[in-house]
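Asks: Structure file structure06.txt (compact mmCIF, C-alpha atoms) is given on the next line.
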```
# COMPACT_ATOMS: atom_id res chain seq x y z
CA MET A 16 0.00 0.00 0.00
CA GLY A 17 1.28 3.47 -0.91
CA ILE A 18 1.23 6.44 1.38
CA GLU A 19 -1.85 8.61 1.82
CA VAL A 20 -0.94 12.09 0.63
CA VAL A 21 -2.35 15.52 1.45
CA SER A 22 -2.17 18.87 -0.33
CA GLY A 23 1.35 20.18 -0.58
CA GLN A 24 2.99 16.81 -0.05
CA LYS A 25 5.71 15.84 -2.50
CA VAL A 26 6.32 12.23 -3.40
CA ILE A 27 9.41 10.84 -5.12
CA LEU A 28 8.14 8.67 -7.94
CA THR A 29 11.49 7.34 -9.08
CA LYS A 30 15.07 7.74 -7.91
CA SER A 31 16.59 6.88 -11.27
CA LEU A 32 15.82 8.08 -14.76
CA ASP A 33 15.67 4.59 -16.24
CA SER A 34 12.57 3.26 -17.87
CA VAL A 35 9.79 3.96 -15.42
CA ARG A 36 6.11 3.63 -16.07
CA PHE A 37 3.27 4.73 -13.84
CA THR A 38 -0.49 4.56 -13.86
CA PHE A 39 -2.36 7.50 -12.36
CA LYS A 40 -5.91 6.54 -11.64
CA MET A 41 -8.91 8.57 -10.52
CA GLU A 42 -11.89 6.63 -9.19
CA VAL A 43 -15.22 8.34 -8.59
CA LYS A 44 -18.51 6.96 -7.32
CA ASN A 45 -20.94 6.72 -10.22
CA LYS A 46 -23.87 8.16 -8.28
CA PHE A 47 -25.51 10.28 -10.98
CA LYS A 48 -25.17 8.22 -14.12
CA GLY A 49 -24.89 10.44 -17.17
CA LEU A 50 -25.58 13.57 -15.11
CA PHE A 51 -22.23 14.02 -13.40
CA ASP A 52 -18.70 13.30 -14.51
CA MET A 53 -15.13 14.17 -13.66
CA ASP A 54 -12.73 14.19 -16.58
CA LEU A 55 -9.02 13.69 -16.24
CA PHE A 56 -6.57 15.77 -18.24
CA ALA A 57 -2.78 15.25 -18.37
CA ILE A 58 -1.18 18.38 -19.78
CA ASN A 59 2.45 18.46 -20.82
CA ILE A 60 3.75 21.98 -20.16
CA GLU A 61 7.00 22.66 -21.96
CA LYS A 62 9.98 24.55 -20.53
CA ASN A 63 9.05 27.77 -22.33
CA ALA A 64 5.52 27.63 -20.81
CA VAL A 65 3.76 26.48 -23.94
CA VAL A 66 1.42 23.55 -24.41
CA GLY A 67 0.90 21.77 -27.71
CA LYS A 68 -2.80 20.93 -28.00
CA GLU A 69 -1.77 17.46 -29.26
CA ASN A 70 -0.08 17.03 -25.87
CA ILE A 71 -3.23 17.59 -23.86
CA VAL A 72 -4.29 14.02 -23.14
CA TYR A 73 -7.93 13.32 -22.19
CA TYR A 74 -10.97 11.38 -23.41
CA ASN A 75 -10.93 12.95 -26.87
CA ASN A 76 -7.14 12.81 -27.43
CA VAL A 77 -6.02 9.59 -25.79
CA LYS A 78 -2.30 9.84 -26.54
CA ASP A 79 0.30 12.55 -26.86
CA VAL A 80 2.60 12.91 -29.84
CA GLN A 81 5.37 10.75 -28.30
CA LYS A 82 2.88 8.22 -26.89
CA SER A 83 4.44 8.81 -23.48
CA ILE A 84 1.02 9.60 -21.97
CA LEU A 85 -1.95 7.32 -22.68
CA TYR A 86 -5.52 7.81 -21.49
CA SER A 87 -8.23 5.23 -20.82
CA GLU A 88 -11.55 5.21 -18.98
CA THR A 89 -14.21 2.78 -17.83
CA TYR A 90 -17.71 3.44 -16.56
CA GLY A 91 -18.88 0.77 -14.14
CA TYR A 92 -22.18 0.63 -12.31
CA GLU A 93 -20.64 1.61 -8.95
CA LEU A 94 -17.52 3.53 -9.99
CA PHE A 95 -16.08 5.22 -13.01
CA GLU A 96 -12.34 5.37 -13.40
CA LYS A 97 -10.04 7.45 -15.57
CA LYS A 98 -6.45 6.41 -16.05
CA ILE A 99 -3.29 8.08 -17.27
CA ASP A 100 -0.41 5.76 -18.15
CA LEU A 101 2.88 7.59 -18.17
CA ASP A 102 6.15 6.32 -19.57
CA ILE A 103 8.70 8.80 -18.29
CA LYS A 104 11.39 7.55 -20.64
CA LEU A 105 9.32 8.54 -23.67
CA LEU A 106 8.64 12.09 -22.52
CA PRO A 107 10.13 14.73 -24.81
CA ASP A 108 13.19 16.64 -23.54
CA THR A 109 11.18 19.84 -23.69
CA THR A 110 8.87 18.71 -20.86
CA ASP A 111 8.87 20.95 -17.83
CA LYS A 112 6.02 19.34 -15.95
CA ILE A 113 2.86 17.35 -16.47
CA VAL A 114 -0.14 18.82 -14.75
CA ILE A 115 -2.99 16.50 -13.85
CA ILE A 116 -6.31 18.35 -13.77
CA SER A 117 -9.87 17.11 -13.46
CA THR A 118 -12.81 19.08 -14.83
CA LEU A 119 -16.32 18.67 -13.46
CA TYR A 120 -19.45 18.22 -15.52
CA ARG A 121 -22.92 18.15 -14.01
CA ASN A 122 -26.45 18.56 -15.22
CA LEU A 123 -27.66 20.71 -12.36
CA SER A 124 -31.26 20.74 -13.48
CA GLN A 125 -31.52 17.05 -12.73
CA ILE A 126 -29.27 16.34 -9.75
CA ASP A 127 -29.20 17.36 -6.12
CA LYS A 128 -26.85 20.33 -5.93
CA ASP A 129 -25.93 19.92 -2.29
CA LYS A 130 -24.19 16.61 -2.66
CA ASP A 131 -20.51 15.84 -2.31
CA ILE A 132 -18.80 13.20 -4.38
CA GLU A 133 -15.97 11.09 -3.03
CA PHE A 134 -13.00 10.37 -5.22
CA THR A 135 -9.58 8.79 -4.96
CA PHE A 136 -6.50 9.52 -7.02
CA SER A 137 -3.57 7.14 -6.90
CA ALA A 138 -0.31 6.31 -8.62
CA THR A 139 1.01 2.82 -9.22
CA ASN A 140 4.49 1.88 -10.41
CA LYS A 141 3.82 -0.42 -13.36
CA ILE A 142 7.23 -2.08 -13.19
CA THR A 143 6.95 -3.17 -9.56
CA ASN A 144 3.15 -3.16 -9.52
CA THR A 145 3.15 -1.26 -6.23
CA MET A 146 1.05 1.72 -5.26
CA VAL A 147 3.18 4.81 -4.70
CA PHE A 148 0.58 7.11 -3.19
CA LYS A 149 -3.11 7.62 -2.79
CA LEU A 150 -5.20 10.74 -2.31
CA SER A 151 -8.76 10.41 -0.98
CA ASP A 152 -11.13 13.34 -0.75
CA LYS A 153 -14.55 14.62 -1.70
CA ILE A 154 -15.72 17.51 -3.83
CA SER A 155 -18.90 19.56 -3.92
CA ILE A 156 -20.61 18.82 -7.21
CA SER A 157 -22.19 22.22 -7.77
CA GLU A 158 -19.62 24.84 -6.81
CA LYS A 159 -16.40 24.07 -8.59
CA GLU A 160 -15.29 23.77 -12.20
CA THR A 161 -11.88 22.19 -11.91
CA LEU A 162 -9.70 20.23 -9.52
CA VAL A 163 -5.94 20.45 -9.89
CA LEU A 164 -4.74 17.10 -8.58
CA GLY A 165 -1.00 17.63 -8.90
CA GLU A 166 2.10 18.02 -11.01
CA ILE A 167 4.69 15.51 -12.16
CA TYR A 168 8.08 17.14 -12.53
CA LYS A 169 11.77 16.38 -12.63
CA TYR A 170 14.02 17.55 -9.81
CA LYS A 171 17.72 16.80 -10.21
CA ASP A 172 17.83 13.05 -10.90
CA THR A 173 14.38 12.24 -9.61
CA TRP A 174 10.82 12.49 -10.90
CA ARG A 175 8.38 13.70 -8.28
CA PHE A 176 4.68 14.29 -7.77
CA ASN A 177 3.55 17.49 -6.09
CA THR A 178 0.11 16.95 -4.56
CA ILE A 179 -2.06 20.03 -5.05
CA ASN A 180 -5.68 18.85 -4.63
CA ASN A 181 -7.06 22.34 -5.10
CA CYS A 182 -10.60 23.01 -6.34
CA SER A 183 -11.26 26.08 -8.40
CA ASP A 184 -14.19 27.82 -10.03
CA LYS A 185 -11.98 28.71 -12.99
CA SER A 186 -12.16 26.78 -16.22
CA LEU A 187 -9.34 24.54 -17.39
CA LEU A 188 -8.18 27.14 -19.90
CA ASP A 189 -8.25 29.93 -17.31
CA LEU A 190 -6.16 27.80 -14.96
CA LEU A 191 -3.55 27.08 -17.62
CA ASN A 192 -3.47 30.73 -18.55
CA ASN A 193 -3.53 32.32 -15.10
CA ILE A 194 -1.79 29.81 -12.83
CA TYR A 195 0.72 28.26 -15.20
CA ASN A 196 0.97 31.21 -17.56
CA ALA A 197 0.91 28.63 -20.32
CA LYS A 198 -0.02 29.38 -23.91
CA ILE A 199 -1.65 26.69 -26.02
CA TYR A 200 -0.54 26.34 -29.61
CA MET B 29 -39.27 34.16 -48.39
CA ASP B 30 -42.21 36.57 -47.99
CA LYS B 31 -42.56 36.83 -51.78
CA PHE B 32 -43.15 33.10 -52.21
CA PHE B 33 -44.60 31.95 -48.90
CA GLN B 34 -47.46 32.90 -46.63
CA LEU B 35 -47.57 32.30 -42.91
CA ASP B 36 -50.60 31.13 -40.95
CA THR B 37 -50.96 30.53 -37.26
CA ASP B 38 -53.53 28.98 -34.98
CA ILE B 39 -52.34 31.08 -32.08
CA LEU B 40 -54.78 33.95 -31.74
CA TRP B 41 -52.44 36.49 -30.15
CA LEU B 42 -49.62 35.91 -32.64
CA LYS B 43 -50.40 38.79 -34.98
CA ASN B 44 -48.55 39.42 -38.22
CA PRO B 45 -46.08 36.54 -37.95
CA ASP B 46 -42.89 36.86 -39.95
CA PHE B 47 -39.54 35.12 -40.38
CA LEU B 48 -37.64 37.49 -38.10
CA MET B 49 -38.11 35.81 -34.79
CA GLN B 50 -34.81 35.63 -32.98
CA SER B 51 -35.92 37.64 -29.98
CA ARG B 52 -39.23 35.81 -29.88
CA ILE B 53 -37.57 32.71 -28.45
CA PHE B 54 -37.80 34.52 -25.10
CA TYR B 55 -41.29 35.74 -25.93
CA TYR B 56 -42.44 32.16 -26.51
CA ARG B 57 -40.61 30.91 -23.44
CA ASN B 58 -42.52 33.38 -21.31
CA ASN B 59 -45.88 32.74 -22.92
CA PHE B 60 -45.72 28.95 -23.10
CA LYS B 61 -44.29 28.28 -19.68
CA ALA B 62 -45.87 24.88 -19.23
CA ILE B 63 -45.58 23.75 -22.84
CA ASN B 64 -42.56 21.90 -24.14
CA GLU B 65 -43.49 21.83 -27.83
CA ILE B 66 -46.08 23.83 -29.77
CA LYS B 67 -46.83 24.48 -33.42
CA ILE B 68 -46.59 28.22 -33.94
CA LEU B 69 -46.74 28.60 -37.72
CA THR B 70 -47.80 26.83 -40.86
CA VAL B 71 -45.98 28.04 -43.96
CA LYS B 72 -47.50 27.51 -47.42
CA SER B 73 -46.34 28.42 -50.88
CA LYS B 74 -48.39 31.34 -52.22
CA ASN B 75 -48.82 29.42 -55.46
CA LEU B 76 -50.98 26.53 -54.27
CA ASN B 77 -49.89 24.38 -57.25
CA ASP B 78 -46.37 24.27 -55.85
CA ASP B 79 -47.72 22.43 -52.82
CA ILE B 80 -44.96 23.40 -50.39
CA VAL B 81 -46.27 23.20 -46.85
CA PHE B 82 -44.29 23.01 -43.63
CA ASP B 83 -44.92 23.64 -39.96
CA ILE B 84 -42.71 25.50 -37.52
CA TYR B 85 -42.70 24.42 -33.88
CA PHE B 86 -41.28 26.16 -30.85
CA ILE B 87 -39.41 23.73 -28.60
CA ARG B 88 -38.86 24.64 -24.99
CA ALA B 89 -35.34 23.57 -24.05
CA GLU B 90 -32.22 25.11 -22.65
CA PHE B 91 -28.57 24.24 -22.94
CA GLU B 92 -25.93 26.42 -21.32
CA THR B 93 -24.95 29.21 -23.72
CA LEU B 94 -26.03 27.32 -26.82
CA PHE B 95 -29.79 27.94 -26.83
CA SER B 96 -32.78 28.95 -24.74
CA GLY B 97 -35.35 27.22 -26.88
CA TYR B 98 -35.31 26.51 -30.60
CA PHE B 99 -37.51 26.13 -33.67
CA LYS B 100 -38.20 22.84 -35.43
CA ILE B 101 -39.24 22.67 -39.08
CA VAL B 102 -41.57 19.81 -40.02
CA PRO B 103 -42.15 19.42 -43.77
CA ILE B 104 -45.73 18.33 -44.50
CA THR B 105 -45.81 17.80 -48.26
CA SER B 106 -43.33 15.80 -50.34
CA THR B 107 -42.23 18.99 -52.09
CA ALA B 108 -41.42 20.52 -48.71
CA VAL B 109 -39.47 17.36 -47.82
CA ALA B 110 -37.37 17.92 -50.96
CA MET B 111 -36.85 21.57 -50.06
CA PHE B 112 -35.37 20.72 -46.65
CA GLU B 113 -33.34 17.70 -47.73
CA GLY B 114 -29.71 18.00 -46.68
CA VAL B 115 -30.20 20.93 -44.31
CA SER B 116 -30.76 21.21 -40.58
CA LYS B 117 -34.40 21.32 -39.50
CA LEU B 118 -33.61 22.89 -36.15
CA CYS B 119 -32.56 26.47 -35.57
CA THR B 120 -32.63 29.31 -33.08
CA ASP B 121 -33.16 32.20 -35.51
CA LEU B 122 -35.64 31.79 -38.35
CA GLY B 123 -34.36 34.79 -40.31
CA GLU B 124 -30.79 33.47 -40.37
CA TYR B 125 -32.09 29.95 -40.88
CA PHE B 126 -33.91 30.57 -44.15
CA TYR B 127 -30.88 32.37 -45.52
CA TYR B 128 -28.87 29.25 -44.59
CA VAL B 129 -31.47 27.03 -46.30
CA TYR B 130 -31.32 29.24 -49.39
CA LYS B 131 -27.51 28.91 -49.48
CA ASN B 132 -27.59 25.13 -49.04
CA SER B 133 -30.79 23.95 -50.77
CA GLU B 134 -30.58 23.68 -54.55
CA PHE B 135 -34.35 23.31 -54.49
CA LEU B 136 -34.89 26.72 -52.91
CA LYS B 137 -32.39 28.43 -55.20
CA ILE B 138 -34.18 27.12 -58.28
CA TYR B 139 -37.57 27.87 -56.77
CA PHE B 140 -36.66 31.47 -56.05
CA ALA B 141 -35.10 31.88 -59.51
CA THR B 142 -37.93 30.33 -61.52
CA GLY B 143 -40.93 30.59 -59.20
CA SER B 144 -41.87 27.05 -60.15
CA GLY B 145 -42.04 24.21 -57.61
CA ALA B 146 -42.18 21.61 -60.39
CA ASN B 147 -38.98 22.97 -61.92
CA ALA B 148 -37.20 22.98 -58.57
CA LEU B 149 -38.36 19.46 -57.78
CA GLU B 150 -37.24 18.14 -61.15
CA HIS B 151 -33.82 19.72 -60.73
CA HIS B 152 -33.58 18.36 -57.19
CA ASN B 153 -34.47 14.80 -58.26
CA ARG B 154 -32.12 14.92 -61.24
CA LYS B 155 -29.24 16.02 -59.02
CA LYS B 156 -29.93 13.27 -56.52
CA THR B 157 -29.84 10.51 -59.10
CA LYS B 158 -27.05 11.73 -61.34
CA GLU B 159 -23.77 9.88 -61.53
CA GLY B 160 -21.31 10.81 -58.79
CA ALA B 161 -24.06 11.83 -56.33
CA PHE B 162 -23.39 10.91 -52.71
CA ASP B 163 -24.29 7.27 -52.09
CA PHE B 164 -25.13 6.72 -48.43
CA LYS B 165 -25.31 2.94 -48.89
CA LYS B 166 -21.68 2.91 -50.02
CA TYR B 167 -20.70 5.26 -47.18
CA LYS B 168 -22.44 3.01 -44.67
CA LYS B 169 -20.84 -0.13 -46.11
CA ASP B 170 -17.36 1.43 -46.02
CA MET B 171 -17.89 2.63 -42.46
CA TYR B 172 -19.20 -0.72 -41.20
CA LEU B 173 -16.32 -2.53 -42.93
CA GLU B 174 -13.92 -0.18 -41.22
CA ILE B 175 -15.58 -0.71 -37.84
CA SER B 176 -15.42 -4.48 -38.28
CA SER B 177 -11.65 -4.26 -38.72
CA TYR B 178 -11.36 -3.33 -35.04
CA SER B 179 -11.59 -5.86 -32.22
CA GLN B 180 -14.29 -5.47 -29.58
CA ASP B 181 -11.73 -4.02 -27.13
CA GLU B 182 -10.35 -1.59 -29.68
CA PHE B 183 -13.84 -0.41 -30.57
CA SER B 184 -14.63 0.11 -26.86
CA GLU B 185 -11.53 2.30 -26.57
CA LEU B 186 -12.64 4.32 -29.56
CA VAL B 187 -16.28 4.97 -28.69
CA LEU B 188 -17.13 7.47 -25.98
CA ASN B 189 -19.86 6.98 -23.41
CA ARG B 190 -23.20 7.42 -25.21
CA ASN B 191 -24.93 8.58 -22.01
CA LEU B 192 -22.67 11.62 -21.85
CA THR B 193 -23.39 13.36 -25.15
CA MET B 194 -24.45 16.49 -23.26
CA LYS B 195 -21.11 16.56 -21.47
CA TYR B 196 -19.16 16.25 -24.72
CA VAL B 197 -21.09 19.15 -26.25
CA SER B 198 -20.75 21.21 -23.06
CA ASN B 199 -16.98 20.67 -22.93
CA PHE B 200 -16.65 21.41 -26.63
CA ILE B 201 -18.26 24.81 -26.04
CA LYS B 202 -16.26 25.58 -22.89
CA LEU B 203 -12.83 24.54 -24.13
CA ASN B 204 -12.89 26.07 -27.58
CA SER B 205 -13.22 29.32 -29.44
CA LYS B 206 -16.72 30.51 -30.25
CA CYS B 207 -18.59 28.14 -32.53
CA SER B 208 -20.01 29.39 -35.82
CA GLU B 209 -23.81 29.47 -36.21
CA TYR B 210 -23.53 26.51 -38.58
CA VAL B 211 -21.72 24.45 -35.95
CA LYS B 212 -24.16 25.56 -33.23
CA MET B 213 -27.02 24.30 -35.38
CA PHE B 214 -25.36 20.91 -35.67
CA LEU B 215 -24.78 20.78 -31.90
CA ILE B 216 -28.50 21.49 -31.35
CA ASN B 217 -29.26 18.55 -33.64
CA ILE B 218 -26.94 16.30 -31.63
CA LEU B 219 -28.65 17.33 -28.40
CA SER B 220 -32.20 17.15 -29.77
CA LYS B 221 -32.47 13.35 -29.34
CA VAL B 222 -33.68 12.99 -32.95
CA TYR B 223 -30.38 11.38 -33.85
CA SER B 224 -29.42 10.08 -30.39
CA LYS B 225 -29.59 6.45 -31.54
CA ASN B 226 -27.55 7.16 -34.66
CA ILE B 227 -24.75 9.40 -33.49
CA CYS B 228 -21.77 7.78 -31.89
CA ILE B 229 -19.03 10.09 -30.62
CA ILE B 230 -15.49 8.77 -30.99
CA ASN B 231 -12.02 9.85 -29.91
CA ASN B 232 -8.69 9.63 -31.73
CA ALA B 233 -7.61 6.24 -30.34
CA TYR B 234 -7.50 4.87 -33.89
CA ASP B 235 -7.25 6.46 -37.28
CA VAL B 236 -10.89 6.11 -38.35
CA LYS B 237 -11.55 7.43 -41.85
CA ASN B 238 -15.34 7.42 -42.14
CA HIS B 239 -16.57 9.98 -39.65
CA ILE B 240 -18.09 13.44 -39.31
CA LEU B 241 -15.48 15.90 -38.07
CA VAL B 242 -16.84 18.76 -35.97
CA GLY B 243 -14.61 21.82 -35.62
CA THR B 244 -15.54 25.18 -34.14
CA GLN B 245 -16.09 26.81 -37.54
CA ASN B 246 -17.15 23.96 -39.76
CA ILE B 247 -18.33 20.38 -39.96
CA LYS B 248 -17.37 17.98 -42.69
CA ILE B 249 -17.64 14.38 -43.68
CA ASN B 250 -14.04 13.28 -43.43
CA ASN B 251 -13.88 11.30 -46.66
CA TYR B 252 -16.40 13.43 -48.55
CA PRO B 253 -15.65 17.07 -47.73
CA ASN B 254 -18.17 18.33 -50.29
CA VAL B 255 -21.10 16.31 -48.97
CA CYS B 256 -23.53 18.00 -46.62
CA VAL B 257 -23.49 16.56 -43.11
CA TYR B 258 -27.30 16.42 -42.97
CA ASP B 259 -27.39 14.16 -46.03
CA VAL B 260 -25.46 11.65 -43.96
CA ILE B 261 -27.30 11.89 -40.64
CA GLU B 262 -30.76 11.99 -42.25
CA ASN B 263 -29.95 8.85 -44.22
CA ALA B 264 -28.57 7.26 -41.06
CA LEU B 265 -31.84 8.05 -39.30
CA LYS B 266 -33.94 6.55 -42.13
CA ASP B 267 -31.68 3.53 -42.39
CA ASN B 268 -31.29 3.04 -38.64
CA ALA B 269 -27.52 3.23 -39.10
CA LEU B 270 -24.71 4.59 -36.98
CA VAL B 271 -22.58 7.58 -37.86
CA LEU B 272 -19.29 8.28 -36.13
CA VAL B 273 -18.72 11.86 -34.96
CA LYS B 274 -15.36 13.22 -33.85
CA PHE B 275 -14.82 16.59 -32.16
CA ASN B 276 -11.77 18.64 -33.01
CA TYR B 277 -10.85 20.82 -30.00
CA ASP B 278 -8.80 23.98 -30.51
CA PHE B 279 -8.44 24.96 -26.80
CA LYS B 280 -8.78 28.62 -27.57
CA THR B 281 -10.57 30.83 -25.11
CA GLY B 282 -13.68 32.81 -25.86
CA GLY B 283 -16.00 29.82 -26.11
CA LYS B 284 -18.54 31.17 -23.65
```
Can the structure in the file be given as structure tokens, please?
Replies:
Amino acid sequence: MGIEVVSGQKVILTKSLDSVRFTFKMEVKNKFKGLFDMDLFAINIEKNAVVGKENIVYYNNVKDVQKSILYSETYGYELFEKKIDLDIKLLPDTTDKIVIISTLYRNLSQIDKDKDIEFTFSATNKITNTMVFKLSDKISISEKETLVLGEIYKYKDTWRFNTINNCSDKSLLDLLNNIYNAKIY
Amino acid sequence: MDKFFQLDTDILWLKNPDFLMQSRIFYYRNNFKAINEIKILTVKSKNLNDDIVFDIYFIRAEFETLFSGYFKIVPITSTAVAMFEGVSKLCTDLGEYFYYVYKNSEFLKIYFATGSGANALEHHNRKKTKEGAFDFKKYKKDMYLEISSYSQDEFSELVLNRNLTMKYVSNFIKLNSKCSEYVKMFLINILSKVYSKNICIINNAYDVKNHILVGTQNIKINNYPNVCVYDVIENALKDNALVLVKFNYDFKTGGK
């Protein structure tokens, strides 16, 4: 079992830069089928603060140009899960960080606005098949637009995950623009 | 339109109806609070021999910034069916809509030029049957052959959740630059449930060739860029067939 993380906590994903593959998985209770959803985006921000739209990986674009980030999703009766598979070795040299953001969709005319939804977000090392960390929390379904889960970045010879877990009422594009100062091309 | 068509209504308080009804969406919303769908106009060709008759309904519905109600055109006579073939039958602004129909319906162009419904119909039928005309049966066969080349697992990866069409449209509006009126009209059609059993939204997991590509400014049939998208989805509806639809995000702000 991996460690439970909280906002602000940094986790070392790998101590070497050899071939390392991870699965980042978000699981959400499927309470309001078709009326509520949380989408997972993995966004490769380059060193000069630009983002290629082909390198925004999510349900519609399930792989980046280098195929270093792959997306998949399943909708079960109880849970839906969204997964990002990351092969660090295949990341382009221009990568500064990969930001993992979830956006919220809800059909407010048909669901109870005052509900919270529980979710978990975890990382598993695919080579050793061990969980590295897990984040468990809940989010109000009506108030927020986005949830920044964290950032994957390189520090010296290690790749790390910075847990953010911050909800925002800004859109995904506003977040990229205002928080990361990133331009999409 | 006024030169060739006359408008009738069964609604007593709707005096002097015309085709300029954008602002009246709100007017209808306020006056038909408990009604989800109502026939507001019947449009007939002034020349009765032309036999063009269609109804216009107001539909009470709301979707984020896309619409606050819309109009549905229901052709009554076979000549009216020909007039609206290959164009959207849903819109939010009747004035803009009939200009769009004029630009995209060969029937209406000929009708306005000659004033003869028989002429327009003959031209329309000749164009439909001439060599090189779009053949939906071939399109469907090619698409189904292409789909069958994928395994069950691969196809599951490709197809997005069909219960979440509203979410895909909502995200497309939020994460992109402002959609053109033409694209908005298509999005209304996707949301209207008319085609809900036919439209299947896909992602880019595999390089599918036979699909409808929706951008913010235009929509095209990937392999047939000159074919009108409504020719494909109307035929799919008649034939109970699937059509694959892919969204092309540009991630430019200003989509609200």
Asks: For range 109-126 of chain B, find every residue with an atom within 10 Å (counting all atoms listed in the file), except residues of its own chain fewer than 4 positions away, and show them as a VMD selection string.
Replies: chain B and resid 29 46 to 53 80 to 82 84 to 87 94 to 105 130 to 137 139 145 148 to 149 152 to 153 209 to 210 212 to 214 216 to 217 220 255 to 263
Asks: List the neighbours of Thr281 in chain B out to 7 Å using all atoms listed in the file; skip same-chain residues closer than 4 positions along the sequence, and give me the result as a list in words.
Replies: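 Everything that qualifies: Leu188 of chain A; Leu203, Asn204 and Ser205 of chain B.
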Asks: What are the residues of chain A that have an atom within 7 Å of an atom of chain B, counting only C-alpha atoms, as a PDB file with C-alpha atoms, in the frame of the given file?
Replies:
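Dumped everything to result_39.pdb:
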```
ATOM      1  CA  GLY A  49     -24.890  10.440 -17.170  1.00  0.00           C
ATOM      2  CA  TYR A  74     -10.970  11.380 -23.410  1.00  0.00           C
ATOM      3  CA  ASN A  75     -10.930  12.950 -26.870  1.00  0.00           C
ATOM      4  CA  ASN A  76      -7.140  12.810 -27.430  1.00  0.00           C
ATOM      5  CA  VAL A  77      -6.020   9.590 -25.790  1.00  0.00           C
ATOM      6  CA  TYR A 120     -19.450  18.220 -15.520  1.00  0.00           C
ATOM      7  CA  LEU A 188      -8.180  27.140 -19.900  1.00  0.00           C
TER       8      LEU A 188
END
```
Asks: Can you tell me, as a ChimeraX atom specification, what residues are no more than 8 Å from range 110-116 of chain A when counting only C-alpha atoms, ignoring any on the same chain fewer than 3 positions away?
Replies: /A:55-62,106-107,161-169,187
Asks: Show me, as lines of an AutoDock Vina configuration file, the centre and edge lengths in Å to one decimal of the axis-aligned box that covers every listed atom of range 84-99 of chain A with 8 Å on each side.
Replies:
```
center_x = -10.6
center_y = 5.1
center_z = -15.8
size_x = 39.2
size_y = 25.0
size_z = 29.7
```
Asks: Using all atoms listed in the file, which residues sit within 9 Å of Asn75 in chain B once same-chain residues fewer than 2 positions away are excluded, as a ChimeraX atom specification?
Replies: /B:32-33,72-73,77-80,143-145
Asks: Using all atoms listed in the file, collect all residues at a distance of at most 9 Å from (-4.3, 2.8, -12.7) as written in the file, then present them as a PDB file with C-alpha atoms, in the coordinates of the input.
Replies:
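Everything below was put into point.pdb:
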```pdb
ATOM      1  CA  PHE A  37       3.270   4.730 -13.840  1.00  0.00           C
ATOM      2  CA  THR A  38      -0.490   4.560 -13.860  1.00  0.00           C
ATOM      3  CA  PHE A  39      -2.360   7.500 -12.360  1.00  0.00           C
ATOM      4  CA  LYS A  40      -5.910   6.540 -11.640  1.00  0.00           C
ATOM      5  CA  MET A  41      -8.910   8.570 -10.520  1.00  0.00           C
ATOM      6  CA  GLU A  96     -12.340   5.370 -13.400  1.00  0.00           C
ATOM      7  CA  LYS A  97     -10.040   7.450 -15.570  1.00  0.00           C
ATOM      8  CA  LYS A  98      -6.450   6.410 -16.050  1.00  0.00           C
ATOM      9  CA  ILE A  99      -3.290   8.080 -17.270  1.00  0.00           C
ATOM     10  CA  ASP A 100      -0.410   5.760 -18.150  1.00  0.00           C
ATOM     11  CA  SER A 137      -3.570   7.140  -6.900  1.00  0.00           C
ATOM     12  CA  ALA A 138      -0.310   6.310  -8.620  1.00  0.00           C
ATOM     13  CA  THR A 139       1.010   2.820  -9.220  1.00  0.00           C
ATOM     14  CA  LYS A 141       3.820  -0.420 -13.360  1.00  0.00           C
TER      15      LYS A 141
END
```
Asks: Could you give me, as number ranges by chain, the residues that have an atom at most 7 Å away from the point (0.0, 10.8, -0.4) in the coordinates of the file, using only C-alpha atoms?
Replies: A: 18-21, 24, 148-150
Asks: Name the residues in contact with Lys225 in chain B at a cut-off of 10 Å, using only C-alpha atoms, excluding same-chain residues fewer than 6 positions from it; report them as a list in words.
Replies: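 The filter keeps Arg190, Ala264, Leu265, Asn268, Ala269, Leu270 and Val271 of chain B.
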Asks: Hey, can you check how far CA of Thr145 in chain A sits from CA of Gln180 in chain B?
Replies: 29.4 Å
Asks: Suppose you want the space between CA of Val65 in chain A and CA of Leu190 in chain A; what is it in Å?
Replies: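 CA of Leu190 in chain A lies 13.4 Å from CA of Val65 in chain A.
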Asks: Just how far from CA of Val129 in chain B is CA of Phe200 in chain B, in Å to one decimal?
Replies: 25.3 Å
Asks: Between B:Tyr252, B:Gln245, B:Lys155, B:Pro45, which residue has the minimum interatomic distance to Leu69 in chain B, considering all atoms listed in the file?
Replies: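 Checking each of B:Tyr252, B:Gln245, B:Lys155, B:Pro45 against Leu69 in chain B, counting all atoms listed in the file, the winner is B:Pro45.
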